[in-house]
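Content type compact mmCIF, C-alpha atoms and all ligand atoms, from the file coords03.txt:
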# COMPACT_ATOMS: atom_id res chain seq x y z
CA MET A 1 12.01 23.42 4.29
CA ARG A 2 11.14 22.98 0.62
CA ASN A 3 13.51 22.40 -2.21
CA ASN A 4 13.50 20.89 -5.59
CA LEU A 5 15.07 17.50 -5.14
CA HIS A 6 15.84 16.90 -8.76
CA ASP A 7 19.09 18.41 -7.63
CA LYS A 8 20.98 15.40 -6.27
CA GLU A 9 23.54 17.52 -4.39
CA ARG A 10 20.83 19.37 -2.58
CA LEU A 11 19.18 16.09 -1.62
CA ARG A 12 22.41 14.81 -0.10
CA ASP A 13 22.77 18.03 1.92
CA LEU A 14 19.24 17.71 3.19
CA GLN A 15 19.75 14.11 4.18
CA ALA A 16 22.90 15.05 6.08
CA ILE A 17 20.99 17.77 7.94
CA ASP A 18 18.23 15.32 8.67
CA ARG A 19 20.66 12.76 10.09
CA ARG A 20 22.45 15.29 12.25
CA GLY A 21 19.14 16.71 13.39
CA SER A 22 17.72 13.38 14.46
CA SER A 23 19.11 13.07 17.93
CA ARG A 24 16.34 10.53 18.49
CA ALA A 25 18.30 7.62 17.05
CA PRO A 26 19.75 5.62 19.96
CA ARG A 27 22.59 4.20 17.90
CA ALA A 28 24.55 5.66 15.02
CA THR A 29 24.10 2.59 12.84
CA MET A 30 20.98 0.50 12.81
CA SER A 31 20.01 -2.27 10.46
CA LEU A 32 16.79 -1.86 8.52
CA ARG A 33 15.10 -4.33 10.85
CA GLU A 34 16.37 -2.68 14.04
CA GLU A 35 15.34 0.67 12.74
CA TRP A 36 11.69 -0.18 12.15
CA LEU A 37 11.35 -2.31 15.27
CA TRP A 38 12.57 0.66 17.21
CA THR A 39 10.46 3.20 15.32
CA ALA A 40 7.37 1.07 15.96
CA GLY A 41 8.15 0.99 19.68
CA LEU A 42 8.62 -2.79 19.68
CA VAL A 43 12.19 -2.70 21.01
CA THR A 44 14.46 -0.47 23.03
CA PHE A 45 18.23 -0.47 23.09
CA ASP A 46 20.32 -1.34 26.12
CA LYS A 47 22.50 1.77 26.41
CA SER A 48 25.57 -0.04 27.75
CA THR A 49 25.61 -3.02 25.39
CA GLY A 50 23.64 -1.63 22.44
CA ASN A 51 21.56 -4.83 22.37
CA LEU A 52 17.91 -4.93 21.36
CA ILE A 53 15.41 -5.46 24.17
CA PRO A 54 11.77 -6.13 23.31
CA THR A 55 9.27 -3.77 24.92
CA GLU A 56 6.05 -5.09 26.45
CA ARG A 57 4.29 -4.37 23.18
CA GLY A 58 7.08 -6.08 21.28
CA GLU A 59 6.79 -9.16 23.50
CA ALA A 60 3.07 -9.33 22.76
CA ILE A 61 3.42 -9.02 19.01
CA LEU A 62 6.71 -10.58 17.93
CA ASP A 63 7.45 -14.25 17.69
CA ASP A 64 10.91 -15.06 16.45
CA THR A 65 10.41 -18.80 16.57
CA GLY A 66 7.61 -18.77 14.00
CA GLU A 67 8.20 -20.70 10.81
CA ARG A 68 5.98 -19.14 8.22
CA GLU A 69 5.63 -20.45 4.72
CA TRP A 70 4.90 -18.16 1.83
CA LEU A 71 3.22 -18.34 -1.52
CA TYR A 72 4.73 -16.03 -4.09
CA SER A 73 2.40 -15.46 -7.02
CA VAL A 74 4.58 -14.73 -10.03
CA ARG A 75 3.44 -12.06 -12.45
CA PRO A 76 6.11 -11.52 -15.10
CA VAL A 77 5.82 -7.95 -16.38
CA THR A 78 7.27 -6.42 -19.54
CA PRO A 79 9.38 -3.30 -18.89
CA LYS A 80 9.01 -0.25 -21.10
CA THR A 81 12.69 0.72 -21.11
CA PRO A 82 15.72 -1.58 -20.93
CA VAL A 83 17.09 -2.15 -17.43
CA PRO A 84 20.17 0.04 -16.77
CA ARG A 85 23.29 -2.09 -16.44
CA PHE A 86 25.20 -2.33 -13.16
CA SER A 87 22.33 -0.90 -11.12
CA SER A 88 20.62 -2.31 -8.03
CA LEU A 89 17.70 -2.99 -10.36
CA SER A 90 19.79 -5.01 -12.80
CA HIS A 91 21.12 -7.09 -9.94
CA ALA A 92 17.62 -7.77 -8.64
CA VAL A 93 16.40 -8.64 -12.15
CA TRP A 94 19.29 -11.06 -12.55
CA ASP A 95 18.31 -12.78 -9.31
CA TYR A 96 14.65 -12.88 -10.32
CA GLU A 97 15.38 -14.39 -13.75
CA ARG A 98 17.85 -16.89 -12.31
CA ARG A 99 15.15 -18.26 -10.01
CA LEU A 100 11.91 -17.66 -11.88
CA GLY A 101 12.88 -17.59 -15.53
CA LYS A 102 13.49 -14.98 -18.20
CA LEU A 103 11.30 -11.87 -18.21
CA PRO A 104 9.86 -10.43 -21.42
CA ASP A 105 12.11 -7.91 -23.22
CA ALA A 106 11.36 -4.19 -23.01
CA SER A 107 8.56 -3.05 -25.29
CA ASP A 108 6.61 0.14 -25.94
CA ASP A 109 3.48 -1.13 -24.24
CA GLY A 110 5.40 -2.35 -21.18
CA ASP A 111 5.14 -0.69 -17.77
CA ASP A 112 8.33 0.24 -15.88
CA GLU A 113 6.59 0.94 -12.62
CA VAL A 114 4.73 -2.36 -12.44
CA PHE A 115 7.87 -4.16 -13.66
CA ARG A 116 10.01 -2.66 -10.90
CA GLU A 117 7.39 -3.41 -8.29
CA GLU A 118 7.23 -7.08 -9.27
CA ILE A 119 11.02 -7.31 -8.95
CA ALA A 120 10.97 -5.37 -5.66
CA ARG A 121 8.28 -7.56 -4.11
CA PHE A 122 10.17 -10.74 -4.92
CA ARG A 123 13.51 -9.29 -3.80
CA ALA A 124 12.01 -8.20 -0.47
CA LEU A 125 10.63 -11.68 0.19
CA LEU A 126 13.97 -13.34 -0.70
CA SER A 127 15.90 -11.05 1.58
CA ILE A 128 13.64 -11.45 4.61
CA VAL A 129 12.43 -15.06 4.80
CA ASP A 130 14.18 -18.42 4.61
CA ASN A 131 14.21 -19.17 0.91
CA ASP A 132 13.06 -22.78 1.31
CA ARG A 133 9.87 -21.46 2.84
CA ILE A 134 8.91 -19.77 -0.43
CA TRP A 135 6.46 -21.61 -2.68
CA ILE A 136 6.03 -20.44 -6.23
CA ASN A 137 2.62 -20.01 -7.78
CA ARG A 138 2.47 -19.46 -11.53
CA SER A 139 -0.63 -18.78 -13.56
CA GLY A 140 -2.10 -21.32 -15.95
CA GLY A 141 -2.98 -24.00 -13.41
CA ARG A 142 0.63 -25.11 -12.93
CA PRO A 143 1.46 -26.82 -9.62
CA ILE A 144 2.82 -24.83 -6.71
CA VAL A 145 6.50 -25.68 -6.24
CA ASN A 146 9.18 -24.93 -3.66
CA LEU A 147 11.59 -22.22 -4.78
CA ILE A 148 14.67 -24.15 -3.60
CA THR A 149 13.82 -27.84 -3.81
CA GLY A 150 11.33 -27.77 -6.68
CA GLU A 151 9.11 -30.07 -4.63
CA GLU A 152 5.39 -29.87 -5.42
CA PHE A 153 3.24 -28.41 -2.66
CA ALA A 154 0.99 -31.08 -1.21
CA GLY A 155 -0.78 -29.10 1.51
CA GLU A 156 -3.70 -26.74 1.47
CA ARG A 157 -3.04 -23.44 -0.24
CA ASP A 158 -4.48 -21.42 2.61
CA GLU A 159 -1.70 -22.62 4.91
CA LEU A 160 0.54 -20.27 2.97
CA PHE A 161 0.79 -16.53 3.33
CA GLU A 162 0.39 -15.06 -0.12
CA TRP A 163 2.63 -12.30 -1.44
CA GLY A 164 3.33 -10.76 -4.83
CA MET A 165 1.07 -8.51 -6.83
CA ARG A 166 -2.54 -9.52 -6.76
CA SER A 167 -4.06 -10.84 -9.94
CA ASN A 168 -7.70 -11.01 -10.96
CA GLN A 169 -7.73 -14.77 -10.61
CA ASP A 170 -6.83 -14.68 -6.94
CA THR A 171 -9.34 -16.38 -4.72
CA ALA A 172 -10.30 -15.20 -1.27
CA LEU A 173 -7.81 -17.06 0.93
CA HIS A 174 -6.30 -15.85 4.12
CA PRO A 175 -4.88 -13.26 4.30
CA LEU A 176 -6.63 -12.15 1.16
CA ALA A 177 -9.71 -11.97 3.32
CA ALA A 178 -8.05 -8.92 4.90
CA GLU A 179 -6.96 -7.75 1.46
CA GLN A 180 -10.49 -7.72 0.10
CA LYS A 181 -11.91 -6.26 3.24
CA ALA A 182 -9.38 -3.43 3.09
CA ASP A 183 -10.23 -2.72 -0.54
CA SER A 184 -13.87 -2.07 0.31
CA TYR A 185 -13.37 -0.79 3.85
CA PHE A 186 -13.65 2.88 3.05
CA THR A 187 -16.89 2.22 1.22
CA HIS A 188 -18.52 0.09 3.87
CA HIS A 189 -17.16 1.49 7.11
CA ILE A 190 -17.43 5.13 6.32
CA GLY A 191 -18.62 5.74 9.91
CA PHE A 192 -15.27 6.01 11.68
CA THR A 193 -13.23 6.91 8.65
CA GLU A 194 -15.63 9.71 7.67
CA GLN A 195 -14.67 11.58 10.84
CA CYS A 196 -11.16 11.63 9.41
CA ALA A 197 -12.06 12.16 5.75
CA GLY A 198 -12.13 15.98 5.91
CA ARG A 199 -14.99 16.13 3.41
CA LYS A 200 -18.61 15.17 2.91
CA ILE A 201 -19.01 11.68 1.47
CA VAL A 202 -22.36 10.20 0.43
CA HIS A 203 -23.19 6.76 -0.97
CA ALA A 204 -25.23 6.47 -4.15
CA ASP A 205 -26.85 3.44 -5.74
CA ALA A 206 -26.64 2.85 -9.48
CA THR A 207 -29.81 4.75 -10.30
CA LEU A 208 -30.35 8.29 -11.60
CA ASP A 209 -32.52 9.13 -8.59
CA SER A 210 -29.99 8.02 -6.04
CA LEU A 211 -27.08 9.71 -7.81
CA THR A 212 -29.04 12.94 -8.17
CA ASP A 213 -29.96 12.86 -4.50
CA ALA A 214 -26.32 12.31 -3.47
CA LEU A 215 -25.10 15.12 -5.75
CA ARG A 216 -27.72 17.47 -4.30
CA ARG A 217 -26.44 16.72 -0.81
CA VAL A 218 -22.87 17.39 -1.86
CA ALA A 219 -23.98 20.59 -3.66
CA GLU A 220 -25.03 21.95 -0.25
CA VAL A 221 -21.36 22.27 0.68
CA SER A 222 -19.44 22.48 -2.60
CA GLU A 223 -19.88 23.41 -6.25
CA ARG A 224 -17.68 20.56 -7.36
CA ALA A 225 -18.26 16.86 -6.77
CA PHE A 226 -15.72 14.06 -6.92
CA ILE A 227 -17.31 10.70 -7.70
CA LYS A 228 -15.67 7.33 -7.40
CA GLY A 229 -17.06 3.97 -8.48
CA THR A 230 -16.97 1.42 -5.66
CA ARG A 231 -16.10 -1.43 -8.04
CA LEU A 232 -12.34 -1.93 -7.72
CA LYS A 233 -10.46 0.32 -10.19
CA SER A 234 -13.71 1.21 -11.96
CA GLY A 235 -12.93 4.91 -12.20
CA ILE A 236 -13.39 8.44 -10.94
CA THR A 237 -14.85 11.64 -12.31
CA THR A 238 -15.38 15.27 -11.30
CA LEU A 239 -18.59 17.24 -11.90
CA ASP A 240 -19.16 20.99 -11.85
CA LEU A 241 -22.46 21.58 -10.05
CA THR A 242 -22.64 25.35 -10.55
CA GLY A 243 -26.14 26.39 -11.59
CA VAL A 244 -27.45 22.80 -11.62
CA THR A 245 -30.77 22.77 -9.76
CA ASP A 246 -33.57 20.84 -11.49
CA TYR A 247 -33.78 17.08 -11.75
CA GLU A 248 -33.47 17.41 -15.55
CA ASP A 249 -30.21 19.37 -15.19
CA TYR A 250 -28.78 16.63 -12.96
CA GLU A 251 -29.95 13.92 -15.32
CA ALA A 252 -28.33 15.64 -18.30
CA LEU A 253 -25.10 16.26 -16.37
CA ILE A 254 -24.87 12.66 -15.16
CA LEU A 255 -25.64 11.11 -18.53
CA SER A 256 -23.14 13.36 -20.32
CA ASP A 257 -20.38 11.81 -18.22
CA PRO A 258 -19.20 8.60 -19.94
CA PHE A 259 -17.97 7.01 -16.70
CA LEU A 260 -21.20 7.64 -14.80
CA ALA A 261 -23.40 6.62 -17.71
CA GLY A 262 -21.35 3.43 -18.14
CA GLU A 263 -21.49 2.50 -14.45
CA LEU A 264 -25.23 3.17 -14.31
CA MET A 265 -25.72 0.70 -17.13
CA TYR A 266 -23.20 -1.84 -15.89
CA ARG A 267 -24.37 -1.85 -12.28
CA ASP A 268 -28.02 -1.01 -12.97
CA GLY A 269 -29.71 -0.51 -9.58
CA ASP A 270 -26.84 -1.91 -7.43
CA ARG A 271 -26.57 -0.62 -3.91
CA TRP A 272 -23.67 1.72 -3.12
CA ALA A 273 -22.19 1.78 -6.60
CA PHE A 274 -20.70 5.27 -6.06
CA LEU A 275 -19.01 7.31 -3.37
CA VAL A 276 -20.08 10.87 -4.08
CA GLN A 277 -17.76 13.33 -2.40
CA GLU A 278 -17.24 17.00 -1.85
CA TRP A 279 -14.30 17.98 -4.04
CA VAL A 280 -11.38 19.19 -1.91
CA ASP A 281 -7.89 20.23 -2.91
CA MET A 282 -5.63 17.46 -1.59
CA THR A 283 -1.92 18.14 -1.19
CA PHE A 284 1.07 16.07 0.01
CA GLU A 285 -0.42 12.63 -0.49
CA ARG A 286 1.42 9.90 1.37
CA ARG A 287 0.92 6.13 1.67
CA PHE A 288 1.27 4.25 4.98
CA PHE A 289 1.56 0.44 5.22
CA ILE A 290 -0.13 -0.72 8.41
CA VAL A 291 0.22 -4.22 9.87
CA ASP A 292 -1.61 -5.06 13.11
CA GLY A 293 -2.18 -1.37 13.68
CA ILE A 294 1.54 -0.62 13.39
CA THR A 295 2.88 1.66 10.68
CA VAL A 296 5.76 -0.30 9.21
CA ALA A 297 6.54 1.63 6.04
CA HIS A 298 5.52 4.79 4.25
CA ALA A 299 6.36 6.91 1.25
CA GLY A 300 5.15 10.00 -0.58
CA CYS A 301 2.84 9.26 -3.53
CA ILE A 302 5.46 9.91 -6.20
CA GLU A 303 4.52 7.87 -9.26
CA GLU A 304 8.03 7.75 -10.69
CA TYR A 305 9.48 6.15 -7.55
CA THR A 306 9.59 2.47 -6.64
CA PRO A 307 11.40 0.63 -3.80
CA PHE A 308 14.57 0.98 -5.90
CA ASP A 309 14.43 4.66 -4.90
CA HIS A 310 14.04 3.89 -1.20
CA LEU A 311 16.19 6.08 1.09
CA LYS A 312 17.95 4.13 3.81
CA GLY A 313 18.72 5.38 7.29
CA VAL A 314 16.76 8.60 6.98
CA GLU A 315 13.10 9.52 7.23
CA ASP A 316 12.06 9.94 3.61
CA CYS A 317 10.38 13.35 3.42
CA ARG A 318 10.15 13.49 -0.37
CA MET A 319 6.69 14.49 -1.49
CA LYS A 320 4.81 16.25 -4.25
CA ARG A 321 2.46 19.11 -3.52
CA HIS A 322 -0.04 17.76 -6.03
CA ARG A 323 0.15 14.27 -7.41
CA SER A 324 0.42 15.52 -10.98
CA ASP A 325 3.32 17.92 -10.24
CA THR A 326 6.78 17.20 -11.57
CA ASP A 327 8.64 18.90 -8.70
CA ILE A 328 9.64 16.75 -5.77
CA LEU A 329 9.95 18.55 -2.43
CA TRP A 330 11.60 17.75 0.88
CA ALA A 331 8.56 18.25 3.13
CA ALA A 332 9.63 17.42 6.67
CA ALA A 333 6.81 19.21 8.53
CA GLU A 334 4.15 17.66 6.30
CA THR A 335 5.71 14.19 6.67
CA LYS A 336 5.53 14.54 10.45
CA LEU A 337 1.94 15.85 10.43
CA LEU A 338 0.77 13.04 8.15
CA GLY A 339 2.78 10.41 10.03
CA ASP A 340 1.26 11.31 13.38
CA PHE A 341 -2.21 11.27 11.83
CA ALA A 342 -1.76 7.99 9.94
CA ARG A 343 -0.32 6.20 12.99
CA GLN A 344 -3.30 7.25 15.06
CA VAL A 345 -5.93 6.48 12.44
CA GLY A 346 -4.23 3.22 11.39
CA LYS A 347 -4.23 1.97 14.94
CA GLY A 348 -7.81 3.19 15.42
CA ILE A 349 -9.03 1.17 12.43
CA TYR A 350 -7.26 -1.98 13.65
CA ASP A 351 -8.47 -1.53 17.23
CA ARG A 352 -12.06 -1.28 15.99
CA ASP A 353 -11.71 -4.26 13.67
CA LYS A 354 -8.90 -6.80 14.14
CA ALA A 355 -9.69 -8.32 10.75
CA MET A 356 -8.08 -5.21 9.26
CA SER A 357 -4.74 -6.85 9.99
CA GLU A 358 -2.93 -5.35 7.02
CA PHE A 359 -3.77 -2.44 4.74
CA VAL A 360 -2.44 0.71 3.19
CA LEU A 361 -3.79 4.06 4.29
CA ASP A 362 -3.52 7.00 1.90
CA VAL A 363 -3.58 10.38 3.59
CA ALA A 364 -3.15 13.98 2.47
CA ILE A 365 -3.43 17.55 3.71
CA GLY A 366 -6.75 19.30 3.10
CA PRO A 367 -7.39 22.97 2.24
CA ASP A 368 -7.62 23.83 5.97
CA GLY A 369 -4.12 22.45 6.59
CA GLN A 370 -5.52 19.42 8.46
CA PRO A 371 -4.63 15.84 7.51
CA LEU A 372 -7.33 13.62 6.01
CA ILE A 373 -7.86 10.07 4.72
CA VAL A 374 -7.83 9.83 0.93
CA GLU A 375 -8.67 6.12 0.82
CA LEU A 376 -7.78 2.61 2.05
CA ASN A 377 -6.59 -0.41 0.10
CA GLY A 378 -5.29 -3.94 0.54
CA ILE A 379 -1.53 -4.32 0.82
CA ARG A 380 -1.05 -6.53 -2.23
CA ASN A 381 -3.26 -4.32 -4.33
CA ALA A 382 -1.38 -1.10 -3.64
CA GLY A 383 1.57 0.52 -5.39
CA LEU A 384 4.75 0.64 -3.30
CA TYR A 385 6.29 4.00 -4.30
CA ALA A 386 9.71 4.39 -2.61
CA SER A 387 8.67 2.41 0.47
CA SER A 388 10.47 -0.64 1.79
CA PRO A 389 8.30 -3.74 1.26
CA GLY A 390 10.82 -5.74 3.32
CA ARG A 391 9.55 -4.02 6.44
CA VAL A 392 6.01 -5.15 5.71
CA ILE A 393 7.14 -8.75 5.17
CA ASP A 394 9.30 -8.65 8.26
CA LEU A 395 6.38 -7.93 10.55
CA LEU A 396 4.04 -10.28 8.67
CA ALA A 397 6.62 -13.03 9.13
CA ARG A 398 7.28 -12.38 12.78
CA ARG A 399 3.99 -11.39 14.32
CA ARG A 400 2.61 -13.91 16.71
CA ASP A 401 -1.04 -14.23 15.84
CA VAL A 402 -1.18 -14.10 12.05
CA TRP A 403 -1.93 -17.77 11.54
CA SER A 404 -4.55 -18.01 14.23
CA LYS A 405 -6.57 -15.45 12.28
CA ALA A 406 -6.84 -17.76 9.30
CA PRO A 407 -10.45 -18.80 8.75
CA HIS A 408 -9.38 -22.45 8.51
CA ALA A 409 -6.24 -22.40 10.62
CA ARG A 410 -4.34 -25.69 10.45
CA PRO A 411 -1.13 -26.82 12.05
CA ARG A 412 1.84 -25.77 9.98
CA ARG A 413 3.46 -28.21 7.65
CA LYS A 414 7.24 -28.61 7.73
CA VAL A 415 9.11 -28.31 4.47
CA GLN A 416 11.00 -31.50 3.73
CA ALA A 417 14.21 -30.59 1.97
CA THR A 418 15.11 -33.25 -0.54
N1 LIG B 501 -12.93 14.18 -2.69
C1 LIG B 501 -11.88 14.44 -3.47
N2 LIG B 501 -11.70 15.68 -3.99
C2 LIG B 501 -10.66 15.96 -4.80
N3 LIG B 501 -9.72 15.08 -5.15
C3 LIG B 501 -9.82 13.82 -4.67
C4 LIG B 501 -10.90 13.44 -3.81
N4 LIG B 501 -10.73 12.13 -3.48
C5 LIG B 501 -9.63 11.73 -4.11
N5 LIG B 501 -9.07 12.74 -4.84
C6 LIG B 501 -7.85 12.67 -5.68
O1 LIG B 501 -8.04 11.65 -6.65
C7 LIG B 501 -7.06 10.63 -6.52
C8 LIG B 501 -7.68 9.27 -6.74
O2 LIG B 501 -8.67 9.04 -5.78
P1 LIG B 501 -8.69 7.70 -4.94
O3 LIG B 501 -9.84 7.77 -3.98
O4 LIG B 501 -7.34 7.49 -4.36
O5 LIG B 501 -9.04 6.63 -6.06
P2 LIG B 501 -8.17 5.49 -6.81
O6 LIG B 501 -8.81 4.21 -6.39
O7 LIG B 501 -8.36 5.79 -8.24
O8 LIG B 501 -6.74 5.59 -6.36
C9 LIG B 501 -6.50 10.81 -5.12
O9 LIG B 501 -5.17 10.36 -5.07
C10 LIG B 501 -6.62 12.31 -4.89
O10 LIG B 501 -5.55 12.99 -5.50
MG MG B 502 -5.80 6.12 -4.68
Could you render the structure from this file as structure tokens?
Ligand SMILES: Nc1ncnc2c1ncn2[C@@H]1O[C@H](COP(=O)(O)OP(=O)(O)O)[C@@H](O)[C@H]1O
Ligand SMILES: [Mg+2]
Amino acid sequence: MRNNLHDKERLRDLQAIDRRGSSRAPRATMSLREEWLWTAGLVTFDKSTGNLIPTERGEAILDDTGEREWLYSVRPVTPKTPVPRFSSLSHAVWDYERRLGKLPDASDDGDDEVFREEIARFRALLSIVDNDRIWINRSGGRPIVNLITGEEFAGERDELFEWGMRSNQDTALHPLAAEQKADSYFTHHIGFTEQCAGRKIVHADATLDSLTDALRRVAEVSERAFIKGTRLKSGITTLDLTGVTDYEDYEALILSDPFLAGELMYRDGDRWAFLVQEWVDMTFERRFFIVDGITVAHAGCIEEYTPFDHLKGVEDCRMKRHRSDTDILWAAAETKLLGDFARQVGKGIYDRDKAMSEFVLDVAIGPDGQPLIVELNGIRNAGLYASSPGRVIDLLARRRDVWSKAPHARPRRKVQAT
């Protein structure tokens, strides 16, 4: 079923159909938490009482007695447009400013998406964890202080679980170890993921020879190459390989591309500076948030959506055919196909490597109609779209073994309220 969802009425109809159609739900009303615990197979419902009962898997993973403490790294962002009054956003902004201070006023070079995500990340943390377990980290070498008591943090920073958008100054602390690993996972562990990539992918070093060799190998299967720098956010480019045969042709083609020429200079000789890929038409891109191999949240890659557009109580099937399209579709079959795939692959990655304890998995549908992996990223380094970050925090806060994975695990420190 496909429809243009700019039409609000139509969207409501579709949601109603979706609700009626989902005979799976064991109870008519479920809280957000109950809903994801149940979806992830961590609880069942007692039919007579309606109470939650942990499954065996739930027993193994969840720990409700855990007292986790969190570090929220504040990144005040300037919005581009003024916040609409009396909206859920304005309420969240009010709460943010009340606790963390005034945000910069809207300006032309602001960014609404990043602004909304900062607010959404903080709001999700506030709504899920005890507020006196939140420690505030501001830039500029200021001390880490408790959100409620204002007390200065005296412990070791890596006792805290860090949340909030990642900044360039972040150091590699747990669980950022997982964050950084996830960011480079697709580059370094192409073995398993390549089976699910739906396209040829070849590494190239930052030399003309290596890049030419990789392009030649991709040219065996496709006339177009998609090349991505392996340095975080360094860039991507597409090359047309039609009629390119000699080394000189490749050299000219590579050097005429500003991104490739720049990376070759910047990374001069570095190993695995590029992922050279067969170009494939990717449709219905969707992002899955995976914690301990469990898919806790997901959303279509729709740039104009943030968690303030999250749909409650219904599987969000909104997607775009191509990322650059303006039309938003209700794509139930595609959501199911991609969900089944992402759950399987997400668990497979975690089962092979337990250090991949949290990451986002981007998937899409390839030209043959089969799902494929687009890429992998760390959870704090990834846009949220219309997902629910609260679900991610909820499992991070409640899973049993998160702290034992810390490289320098220490006993937890109690917060002394003053
Ligand atoms: N091999 C490919 N062929 C064609 N398009 C691709 C390919 N890989 C990625 N893309 C498209 O380019 C976008 C960006 O690529 P991605 O690997 O996600 O890099 P980034 O780190 O910039 O997000 C993807 O969302 C997808 O639409
Ligand atoms: Mg991407």
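Taking atom CA of Thr283 of chain A and atom CA of Arg323 of chain A as endpoints, the distance between them is 7.6 Å.
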Taking all atoms of segment 179-196 of chain A that the file lists, what box with edges along x, y and z, padded by 3 Å per side, do you get, with centre and edge lengths in Å to one decimal, as lines of an AutoDock Vina configuration file?
center_x = -12.8
center_y = 1.9
center_z = 5.6
size_x = 17.7
size_y = 25.4
size_z = 18.2
Which residues form the shell of 10 Å around ligand LIG 501 (chain B) when you count only C-alpha atoms and all ligand atoms, given as a PDB file with C-alpha atoms, in the coordinates of the input?
ATOM      1  CA  ASP A 183     -10.230  -2.720  -0.540  1.00  0.00           C
ATOM      2  CA  PHE A 186     -13.650   2.880   3.050  1.00  0.00           C
ATOM      3  CA  ALA A 197     -12.060  12.160   5.750  1.00  0.00           C
ATOM      4  CA  GLY A 198     -12.130  15.980   5.910  1.00  0.00           C
ATOM      5  CA  ARG A 199     -14.990  16.130   3.410  1.00  0.00           C
ATOM      6  CA  LYS A 200     -18.610  15.170   2.910  1.00  0.00           C
ATOM      7  CA  ILE A 201     -19.010  11.680   1.470  1.00  0.00           C
ATOM      8  CA  ARG A 224     -17.680  20.560  -7.360  1.00  0.00           C
ATOM      9  CA  ALA A 225     -18.260  16.860  -6.770  1.00  0.00           C
ATOM     10  CA  PHE A 226     -15.720  14.060  -6.920  1.00  0.00           C
ATOM     11  CA  ILE A 227     -17.310  10.700  -7.700  1.00  0.00           C
ATOM     12  CA  LYS A 228     -15.670   7.330  -7.400  1.00  0.00           C
ATOM     13  CA  GLY A 229     -17.060   3.970  -8.480  1.00  0.00           C
ATOM     14  CA  THR A 230     -16.970   1.420  -5.660  1.00  0.00           C
ATOM     15  CA  ARG A 231     -16.100  -1.430  -8.040  1.00  0.00           C
ATOM     16  CA  LEU A 232     -12.340  -1.930  -7.720  1.00  0.00           C
ATOM     17  CA  LYS A 233     -10.460   0.320 -10.190  1.00  0.00           C
ATOM     18  CA  SER A 234     -13.710   1.210 -11.960  1.00  0.00           C
ATOM     19  CA  GLY A 235     -12.930   4.910 -12.200  1.00  0.00           C
ATOM     20  CA  ILE A 236     -13.390   8.440 -10.940  1.00  0.00           C
ATOM     21  CA  THR A 237     -14.850  11.640 -12.310  1.00  0.00           C
ATOM     22  CA  THR A 238     -15.380  15.270 -11.300  1.00  0.00           C
ATOM     23  CA  LEU A 275     -19.010   7.310  -3.370  1.00  0.00           C
ATOM     24  CA  VAL A 276     -20.080  10.870  -4.080  1.00  0.00           C
ATOM     25  CA  GLN A 277     -17.760  13.330  -2.400  1.00  0.00           C
ATOM     26  CA  GLU A 278     -17.240  17.000  -1.850  1.00  0.00           C
ATOM     27  CA  TRP A 279     -14.300  17.980  -4.040  1.00  0.00           C
ATOM     28  CA  VAL A 280     -11.380  19.190  -1.910  1.00  0.00           C
ATOM     29  CA  ASP A 281      -7.890  20.230  -2.910  1.00  0.00           C
ATOM     30  CA  MET A 282      -5.630  17.460  -1.590  1.00  0.00           C
ATOM     31  CA  THR A 283      -1.920  18.140  -1.190  1.00  0.00           C
ATOM     32  CA  PHE A 284       1.070  16.070   0.010  1.00  0.00           C
ATOM     33  CA  GLU A 285      -0.420  12.630  -0.490  1.00  0.00           C
ATOM     34  CA  ARG A 286       1.420   9.900   1.370  1.00  0.00           C
ATOM     35  CA  CYS A 301       2.840   9.260  -3.530  1.00  0.00           C
ATOM     36  CA  HIS A 322      -0.040  17.760  -6.030  1.00  0.00           C
ATOM     37  CA  ARG A 323       0.150  14.270  -7.410  1.00  0.00           C
ATOM     38  CA  SER A 324       0.420  15.520 -10.980  1.00  0.00           C
ATOM     39  CA  LEU A 361      -3.790   4.060   4.290  1.00  0.00           C
ATOM     40  CA  ASP A 362      -3.520   7.000   1.900  1.00  0.00           C
ATOM     41  CA  VAL A 363      -3.580  10.380   3.590  1.00  0.00           C
ATOM     42  CA  ALA A 364      -3.150  13.980   2.470  1.00  0.00           C
ATOM     43  CA  GLY A 366      -6.750  19.300   3.100  1.00  0.00           C
ATOM     44  CA  ILE A 373      -7.860  10.070   4.720  1.00  0.00           C
ATOM     45  CA  VAL A 374      -7.830   9.830   0.930  1.00  0.00           C
ATOM     46  CA  GLU A 375      -8.670   6.120   0.820  1.00  0.00           C
ATOM     47  CA  LEU A 376      -7.780   2.610   2.050  1.00  0.00           C
ATOM     48  CA  ASN A 377      -6.590  -0.410   0.100  1.00  0.00           C
ATOM     49  CA  ALA A 382      -1.380  -1.100  -3.640  1.00  0.00           C
ATOM     50  CA  GLY A 383       1.570   0.520  -5.390  1.00  0.00           C
TER      51      GLY A 383
END
If we count only C-alpha atoms, what is near segment 102-110 of chain A at a cut-off of 10 Å, once residues fewer than 4 positions away on the same chain are taken out, given as a PyMOL selection string?
chain A and resi 75-83+93-94+96-98+114-115
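Of note, atom CA of Val129 of chain A and atom CA of Ser388 of chain A are spaced 14.9 Å apart.
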Residues near Gly300 of chain A, anyone? I mean within 9 Å using all atoms listed in the file, not counting same-chain ones fewer than 5 positions away, as a list in words.
Phe284, Glu285, Arg286, Arg287, Phe288, Asp316, Cys317, Arg318, Met319, Lys320, Thr335, Tyr385, Ala386 and Ser387 of chain A
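Nearest to Glu248 of chain A of all the residues A:Leu71, A:Val296, A:Leu208, A:Ala273 is A:Leu208, based on only C-alpha atoms.
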Neighbour list for Gly378 of chain A as a count of residues only, cut-off 6 Å, all atoms listed in the file, skip fewer than 4 positions in-chain:
4
